[in-house]
Amino acid sequence: MKMNELKLVYFSPTGATRKAVMETARSIDLKSVSFDFSVYKEKKPTLKFTRNDLAIFGIPVYYGRVPALFMEYLQNISGDNTPAALVATYGCREYEDALLELKTEVESRGFKVIGAAAFPAEHSIVPSIGSRRPNKTDLKAIAEFGVELNRRIRKEESFDHIDIKVPGNTPYKKYGKNSLFPKAESSMCTLCGACAKVCPTGAIPLKEPKKTDTKKCIGCMKCVRVCKQNARSVNSLKMKMLEGKLKKACQSDKKAEIFL
Ligand SMILES: Cc1cc2nc3c(=O)[nH]c(=O)nc-3n(C[C@H](O)[C@H](O)[C@H](O)COP(=O)(O)O)c2cc1C
């Protein structure tokens, strides 16, 4: 089929998903345009893709699901039998129902899923889990996924017969409630506002960046990563408890899983 453009639609607060989406895209022989929903947008943009576009939807797995914020963005995105590939990164625990939920949602919005993948990554809350992943080996697997997608769009005249099966169950796993709210240590915070500028939900007021609106914060850890003063952190006792739990539940040697 004659394809036009590659549309990269992703949410990636700490960068692993973006890396996986970009590496997938690198093997695809089409001009690309990015829609990055990692930075707060008061108004969710309306996007309409054609049947000659290829969309890649990229998400980090949150609580075994698609991040609720990304689901909100999806409500304004539609396709016209547009082929789509799904990329999920997860912190070496499990991705549970995330791919199934994403596939079901984008298919209900006019997309035809022609490939999907789950890639283990550094855990955004506890970075010592899966540290620095996606690594060289992961990037090779991700690039191979891109090569296969490229082959598929070049070879097929129609995608109607493609039926991608991804793991997951319904009803989906219950979505978790965030209890990790990074706050700034008063003496270390220089009020530079870097955290406020990058927060995906607008939970940090630009004029008072030491504060966090706990009703808006989703615990993505972007503000912690971006703070050059290391002023922002989560309550250390809560963090220690979660770290112990996650270290038992996660396996840092998980492998890429590709569904074509
Ligand atoms: C709120 C929250 C929930 C998460 N839930 C899961 C999970 O259910 N399973 C898992 O393996 N990793 C989980 N993670 C880890 C992320 O999925 C993983 O680190 C991902 O690669 C982060 O992507 P990003 O760097 O693009 O933000 C969670 C992280 C956050 C912040």
# chains A, B, ... in the order shown; residues from 1 in each chain; ligands from 1
$ closest_atom_pairs --of "chain A" --to "ligand 1" --cutoff "6 Å" --atoms "only C-alpha atoms and all ligand atoms" --output "tab-separated table"
residue	atom	partner	partner_atom_place_in_ligand_line	distance
A:Ser12	CA	ligand 1	26 (O)	3.3
A:Pro13	CA	ligand 1	27 (O)	3.9
A:Thr14	CA	ligand 1	25 (O)	3.5
A:Gly15	CA	ligand 1	25 (O)	3.9
A:Ala16	CA	ligand 1	25 (O)	3.6
A:Thr17	CA	ligand 1	26 (O)	3.6
A:Arg18	CA	ligand 1	26 (O)	5.8
A:Pro60	CA	ligand 1	23 (O)	4.2
A:Val61	CA	ligand 1	17 (O)	3.9
A:Tyr62	CA	ligand 1	5 (N)	3.5
A:Tyr63	CA	ligand 1	8 (O)	3.4
A:Gly64	CA	ligand 1	8 (O)	3.9
A:Thr89	CA	ligand 1	21 (O)	4.4
A:Tyr90	CA	ligand 1	17 (O)	3.5
A:Gly91	CA	ligand 1	12 (N)	3.5
A:Cys92	CA	ligand 1	11 (O)	4.4
A:Arg93	CA	ligand 1	11 (O)	3.5
A:Glu94	CA	ligand 1	11 (O)	4.3
A:Tyr95	CA	ligand 1	9 (N)	5.3
A:Ala121	CA	ligand 1	21 (O)	4.6
A:Glu122	CA	ligand 1	19 (O)	5.0
A:His123	CA	ligand 1	19 (O)	3.4
A:Ser124	CA	ligand 1	19 (O)	3.8
A:Ile125	CA	ligand 1	31 (C)	5.5
A:Gly219	CA	ligand 1	1 (C)	5.2
A:Cys220	CA	ligand 1	31 (C)	3.9
$ residues_around --residues "stretch 231-248 of chain A" --least-positions-apart "4" --cutoff "8 Å" --atoms "only C-alpha atoms" --output "PyMOL selection string"
chain A and resi 93+126+129+180-186+188-189+223-224+227
$ write_last_selection --atoms "all heavy atoms" --output "compact mmCIF listing (two decimals), in the first residue's frame"
# COMPACT_ATOMS: atom_id res chain seq x y z
N ARG A 93 8.18 -5.40 35.82
CA ARG A 93 7.26 -6.20 36.64
C ARG A 93 6.39 -6.95 35.63
O ARG A 93 6.81 -7.97 35.11
CB ARG A 93 6.44 -5.31 37.60
CG ARG A 93 5.63 -6.12 38.62
CD ARG A 93 4.74 -5.23 39.48
NE ARG A 93 3.67 -4.57 38.75
CZ ARG A 93 2.55 -5.15 38.30
NH1 ARG A 93 2.35 -6.43 38.51
NH2 ARG A 93 1.64 -4.45 37.65
N VAL A 126 11.58 3.28 40.60
CA VAL A 126 12.79 2.73 41.23
C VAL A 126 13.81 2.43 40.12
O VAL A 126 13.86 1.31 39.60
CB VAL A 126 12.45 1.43 42.04
CG1 VAL A 126 13.70 0.89 42.74
CG2 VAL A 126 11.35 1.70 43.05
N ILE A 129 15.88 -0.77 39.19
CA ILE A 129 15.24 -1.93 38.54
C ILE A 129 15.29 -1.70 37.03
O ILE A 129 14.80 -0.70 36.53
CB ILE A 129 13.77 -2.11 39.01
CG1 ILE A 129 13.73 -2.38 40.52
CG2 ILE A 129 13.09 -3.23 38.23
CD1 ILE A 129 12.34 -2.37 41.11
N LEU A 180 2.34 8.50 45.63
CA LEU A 180 3.70 9.04 45.67
C LEU A 180 3.69 10.46 45.09
O LEU A 180 3.54 10.64 43.89
CB LEU A 180 4.65 8.17 44.83
CG LEU A 180 4.87 6.74 45.27
CD1 LEU A 180 5.76 6.02 44.27
CD2 LEU A 180 5.50 6.68 46.65
N PHE A 181 3.82 11.42 45.95
CA PHE A 181 3.77 12.81 45.49
C PHE A 181 5.12 13.48 45.74
O PHE A 181 5.41 13.87 46.87
CB PHE A 181 2.67 13.59 46.25
CG PHE A 181 1.33 12.91 46.18
CD1 PHE A 181 0.77 12.32 47.30
CD2 PHE A 181 0.64 12.85 44.97
CE1 PHE A 181 -0.46 11.69 47.25
CE2 PHE A 181 -0.61 12.23 44.90
CZ PHE A 181 -1.15 11.64 46.05
N PRO A 182 5.94 13.62 44.70
CA PRO A 182 7.24 14.26 44.92
C PRO A 182 7.06 15.71 45.40
O PRO A 182 6.22 16.43 44.87
CB PRO A 182 7.89 14.22 43.53
CG PRO A 182 7.14 13.20 42.77
CD PRO A 182 5.75 13.21 43.31
N LYS A 183 7.87 16.06 46.39
CA LYS A 183 7.83 17.44 46.90
C LYS A 183 9.25 17.99 46.90
O LYS A 183 10.22 17.23 46.93
CB LYS A 183 7.29 17.45 48.34
CG LYS A 183 5.84 17.02 48.41
CD LYS A 183 5.05 17.89 49.39
CE LYS A 183 3.57 17.65 49.26
NZ LYS A 183 3.10 16.45 49.94
N ALA A 184 9.36 19.31 46.91
CA ALA A 184 10.70 19.91 46.90
C ALA A 184 11.18 20.18 48.31
O ALA A 184 10.43 20.69 49.15
CB ALA A 184 10.67 21.20 46.10
N GLU A 185 12.43 19.84 48.57
CA GLU A 185 13.10 20.15 49.83
C GLU A 185 13.37 21.66 49.82
O GLU A 185 14.07 22.16 48.93
CB GLU A 185 14.40 19.35 49.88
CG GLU A 185 15.28 19.57 51.08
CD GLU A 185 14.67 19.01 52.35
OE1 GLU A 185 14.22 17.85 52.33
OE2 GLU A 185 14.65 19.77 53.34
N SER A 186 12.79 22.37 50.80
CA SER A 186 12.83 23.85 50.78
C SER A 186 14.23 24.43 50.57
O SER A 186 14.43 25.31 49.75
CB SER A 186 12.30 24.39 52.09
OG SER A 186 10.92 24.39 52.01
N MET A 188 16.87 23.21 49.24
CA MET A 188 17.57 22.88 47.99
C MET A 188 16.92 23.50 46.76
O MET A 188 17.56 23.72 45.74
CB MET A 188 17.63 21.36 47.82
CG MET A 188 18.55 20.69 48.82
SD MET A 188 18.12 18.96 48.99
CE MET A 188 19.05 18.25 47.67
N CYS A 189 15.62 23.77 46.85
CA CYS A 189 14.88 24.27 45.68
C CYS A 189 15.26 25.73 45.40
O CYS A 189 15.23 26.56 46.30
CB CYS A 189 13.38 24.16 45.96
SG CYS A 189 12.38 24.90 44.65
N CYS A 223 9.28 15.20 37.35
CA CYS A 223 9.83 16.36 38.07
C CYS A 223 11.08 15.98 38.85
O CYS A 223 12.02 16.77 38.97
CB CYS A 223 8.77 16.96 38.99
SG CYS A 223 8.13 15.80 40.21
N VAL A 224 11.11 14.75 39.36
CA VAL A 224 12.27 14.28 40.13
C VAL A 224 13.48 14.19 39.19
O VAL A 224 14.58 14.61 39.51
CB VAL A 224 11.97 12.91 40.79
CG1 VAL A 224 13.21 12.34 41.47
CG2 VAL A 224 10.81 13.02 41.77
N CYS A 227 14.93 17.78 37.93
CA CYS A 227 15.44 18.75 38.90
C CYS A 227 16.97 18.65 39.02
O CYS A 227 17.50 17.65 39.52
CB CYS A 227 14.80 18.54 40.28
SG CYS A 227 15.43 19.69 41.49
$ residues_around --residues "A:Glu257" --least-positions-apart "5" --cutoff "12 Å" --atoms "only C-alpha atoms" --output "PDB file with N, CA and C atoms, in the first residue's frame"
ATOM      1  N   LEU A  86       1.585  -0.675  18.208  1.00  0.00           N
ATOM      2  CA  LEU A  86       1.546  -0.331  19.635  1.00  0.00           C
ATOM      3  C   LEU A  86       2.875  -0.638  20.289  1.00  0.00           C
ATOM      4  N   VAL A  87       3.364   0.304  21.081  1.00  0.00           N
ATOM      5  CA  VAL A  87       4.616   0.112  21.816  1.00  0.00           C
ATOM      6  C   VAL A  87       4.334   0.394  23.285  1.00  0.00           C
ATOM      7  N   ALA A  88       4.564  -0.603  24.136  1.00  0.00           N
ATOM      8  CA  ALA A  88       4.412  -0.384  25.581  1.00  0.00           C
ATOM      9  C   ALA A  88       5.758  -0.653  26.239  1.00  0.00           C
ATOM     10  N   THR A  89       6.194   0.243  27.115  1.00  0.00           N
ATOM     11  CA  THR A  89       7.372  -0.074  27.922  1.00  0.00           C
ATOM     12  C   THR A  89       6.903  -0.272  29.357  1.00  0.00           C
ATOM     13  N   TYR A  90       7.596  -1.123  30.088  1.00  0.00           N
ATOM     14  CA  TYR A  90       7.182  -1.383  31.477  1.00  0.00           C
ATOM     15  C   TYR A  90       8.417  -1.671  32.317  1.00  0.00           C
ATOM     16  N   GLU A  94       5.215  -6.402  35.250  1.00  0.00           N
ATOM     17  CA  GLU A  94       4.341  -7.011  34.239  1.00  0.00           C
ATOM     18  C   GLU A  94       3.646  -5.899  33.477  1.00  0.00           C
ATOM     19  N   TYR A  95       3.160  -6.219  32.253  1.00  0.00           N
ATOM     20  CA  TYR A  95       2.363  -5.211  31.534  1.00  0.00           C
ATOM     21  C   TYR A  95       0.887  -5.578  31.489  1.00  0.00           C
ATOM     22  N   LEU A  99      -1.563  -3.720  26.817  1.00  0.00           N
ATOM     23  CA  LEU A  99      -1.611  -3.810  25.344  1.00  0.00           C
ATOM     24  C   LEU A  99      -3.024  -4.099  24.866  1.00  0.00           C
ATOM     25  N   GLY A 115       0.644  -4.513  14.467  1.00  0.00           N
ATOM     26  CA  GLY A 115       1.780  -5.023  15.232  1.00  0.00           C
ATOM     27  C   GLY A 115       1.774  -4.398  16.611  1.00  0.00           C
ATOM     28  N   ALA A 116       2.309  -5.140  17.585  1.00  0.00           N
ATOM     29  CA  ALA A 116       2.352  -4.617  18.957  1.00  0.00           C
ATOM     30  C   ALA A 116       3.583  -5.178  19.653  1.00  0.00           C
ATOM     31  N   ALA A 117       4.066  -4.461  20.654  1.00  0.00           N
ATOM     32  CA  ALA A 117       5.251  -4.944  21.374  1.00  0.00           C
ATOM     33  C   ALA A 117       5.279  -4.399  22.789  1.00  0.00           C
ATOM     34  N   ALA A 118       5.838  -5.205  23.688  1.00  0.00           N
ATOM     35  CA  ALA A 118       6.064  -4.763  25.067  1.00  0.00           C
ATOM     36  C   ALA A 118       7.557  -4.867  25.335  1.00  0.00           C
ATOM     37  N   PHE A 119       8.147  -3.753  25.763  1.00  0.00           N
ATOM     38  CA  PHE A 119       9.586  -3.729  25.987  1.00  0.00           C
ATOM     39  C   PHE A 119       9.897  -3.411  27.453  1.00  0.00           C
ATOM     40  N   PRO A 120      10.699  -4.261  28.108  1.00  0.00           N
ATOM     41  CA  PRO A 120      11.107  -3.963  29.478  1.00  0.00           C
ATOM     42  C   PRO A 120      11.990  -2.709  29.496  1.00  0.00           C
ATOM     43  N   ASP A 138      18.154  -4.460  23.939  1.00  0.00           N
ATOM     44  CA  ASP A 138      16.740  -4.078  23.774  1.00  0.00           C
ATOM     45  C   ASP A 138      16.556  -3.277  22.490  1.00  0.00           C
ATOM     46  N   ALA A 141      16.258  -5.408  19.498  1.00  0.00           N
ATOM     47  CA  ALA A 141      14.923  -6.043  19.384  1.00  0.00           C
ATOM     48  C   ALA A 141      13.883  -5.022  18.922  1.00  0.00           C
ATOM     49  N   ILE A 142      14.001  -3.802  19.428  1.00  0.00           N
ATOM     50  CA  ILE A 142      13.043  -2.751  19.047  1.00  0.00           C
ATOM     51  C   ILE A 142      13.199  -2.420  17.559  1.00  0.00           C
ATOM     52  N   GLU A 144      14.276  -4.382  15.265  1.00  0.00           N
ATOM     53  CA  GLU A 144      13.740  -5.512  14.471  1.00  0.00           C
ATOM     54  C   GLU A 144      12.220  -5.400  14.339  1.00  0.00           C
ATOM     55  N   PHE A 145      11.590  -4.940  15.399  1.00  0.00           N
ATOM     56  CA  PHE A 145      10.129  -4.713  15.351  1.00  0.00           C
ATOM     57  C   PHE A 145       9.814  -3.682  14.257  1.00  0.00           C
ATOM     58  N   VAL A 166      -2.914  -9.946  21.412  1.00  0.00           N
ATOM     59  CA  VAL A 166      -2.011  -9.515  22.484  1.00  0.00           C
ATOM     60  C   VAL A 166      -2.520 -10.070  23.814  1.00  0.00           C
ATOM     61  N   PRO A 167      -1.615 -10.279  24.775  1.00  0.00           N
ATOM     62  CA  PRO A 167      -2.074 -10.796  26.071  1.00  0.00           C
ATOM     63  C   PRO A 167      -2.906  -9.764  26.832  1.00  0.00           C
TER      64      PRO A 167
END
$ closest_residue --among "A:Lys44, A:Lys254, A:Lys19, A:Lys103" --to "A:Ile164" --atoms "only C-alpha atoms"
A:Lys103
$ residues_around --residues "stretch 200-213 of chain A" --least-positions-apart "6" --cutoff "6 Å" --atoms "only C-alpha atoms" --output "number ranges by chain"
A: 38-40, 184, 193
$ residues_around --residues "A:Leu8" --least-positions-apart "6" --cutoff "12 Å" --atoms "only C-alpha atoms" --output "ChimeraX atom specification"
/A:17-26,28,30-37,47,49,53-59,84-87
$ residues_around --residues "A:Val226" --least-positions-apart "2" --cutoff "9 Å" --atoms "only C-alpha atoms" --output "JSON list (two decimals) with N, CA, C and O atoms, in the first residue's frame"
[["chain", "number", "residue", "atom", "x", "y", "z"],
["A", 14, "THR", "N", 9.48, 9.84, 31.57],
["A", 14, "THR", "CA", 10.91, 9.70, 31.90],
["A", 14, "THR", "C", 11.74, 9.18, 30.72],
["A", 14, "THR", "O", 12.91, 8.82, 30.89],
["A", 194, "ALA", "N", 11.78, 24.53, 36.63],
["A", 194, "ALA", "CA", 11.98, 23.52, 35.58],
["A", 194, "ALA", "C", 10.95, 22.39, 35.74],
["A", 194, "ALA", "O", 10.39, 21.89, 34.75],
["A", 195, "CYS", "N", 10.68, 22.00, 36.98],
["A", 195, "CYS", "CA", 9.73, 20.91, 37.24],
["A", 195, "CYS", "C", 8.32, 21.29, 36.79],
["A", 195, "CYS", "O", 7.61, 20.50, 36.16],
["A", 198, "VAL", "N", 7.67, 21.04, 32.99],
["A", 198, "VAL", "CA", 7.58, 19.74, 32.31],
["A", 198, "VAL", "C", 6.50, 18.81, 32.87],
["A", 198, "VAL", "O", 6.26, 17.74, 32.32],
["A", 221, "MET", "N", 7.16, 10.83, 38.06],
["A", 221, "MET", "CA", 8.55, 11.08, 38.44],
["A", 221, "MET", "C", 9.33, 11.98, 37.49],
["A", 221, "MET", "O", 10.53, 12.13, 37.60],
["A", 222, "LYS", "N", 8.61, 12.59, 36.56],
["A", 222, "LYS", "CA", 9.31, 13.47, 35.62],
["A", 222, "LYS", "C", 9.97, 14.65, 36.36],
["A", 222, "LYS", "O", 11.10, 15.03, 36.06],
["A", 223, "CYS", "N", 9.28, 15.20, 37.35],
["A", 223, "CYS", "CA", 9.83, 16.36, 38.07],
["A", 223, "CYS", "C", 11.08, 15.98, 38.85],
["A", 223, "CYS", "O", 12.02, 16.77, 38.97],
["A", 224, "VAL", "N", 11.11, 14.75, 39.36],
["A", 224, "VAL", "CA", 12.27, 14.28, 40.13],
["A", 224, "VAL", "C", 13.48, 14.19, 39.19],
["A", 224, "VAL", "O", 14.58, 14.61, 39.51],
["A", 228, "LYS", "N", 17.66, 19.69, 38.58],
["A", 228, "LYS", "CA", 19.13, 19.69, 38.58],
["A", 228, "LYS", "C", 19.68, 19.78, 40.01],
["A", 228, "LYS", "O", 20.80, 19.39, 40.29],
["A", 229, "GLN", "N", 18.87, 20.33, 40.92],
["A", 229, "GLN", "CA", 19.31, 20.49, 42.32],
["A", 229, "GLN", "C", 19.02, 19.23, 43.15],
["A", 229, "GLN", "O", 19.33, 19.20, 44.33],
["A", 230, "ASN", "N", 18.41, 18.24, 42.54],
["A", 230, "ASN", "CA", 17.94, 17.05, 43.27],
["A", 230, "ASN", "C", 17.07, 17.43, 44.47],
["A", 230, "ASN", "O", 17.13, 16.80, 45.52]]
$ select_by_dssp --residues "stretch 105-192 of chain A" --states "alpha helix (DSSP H)" --output "list in words"
Glu105, Val106, Glu107, Ser108, Lys136, Thr137, Asp138, Leu139, Lys140, Ala141, Ile142, Ala143, Glu144, Phe145, Gly146, Val147, Glu148, Leu149, Asn150, Arg151, Arg152, Ile153, Arg154 and Lys155 of chain A
$ closest_residue --among "A:Gly176, A:Gly110, A:Gly168, A:Gly79" --to "A:Glu96" --atoms "only C-alpha atoms"
A:Gly168
$ atom_distance --atom1 "atom CA of A:Asn4" --atom2 "atom CA of A:Val106"
19.5 Å
$ atom_distance --atom1 "atom CA of A:Thr82" --atom2 "atom CA of A:Lys155"
16.0 Å
$ select_by_dssp --residues "stretch 213-260 of chain A" --states "strand (DSSP E or B)" --output "list in words"
Arg232, Ser233, Glu257, Ile258 and Phe259 of chain A
$ atom_distance --atom1 "atom CA of A:Lys165" --atom2 "atom CA of A:Phe259"
6.9 Å
$ closest_residue --among "A:Ser128, A:Pro134, A:Arg65, A:Glu42" --to "A:Leu102" --atoms "only C-alpha atoms"
A:Arg65
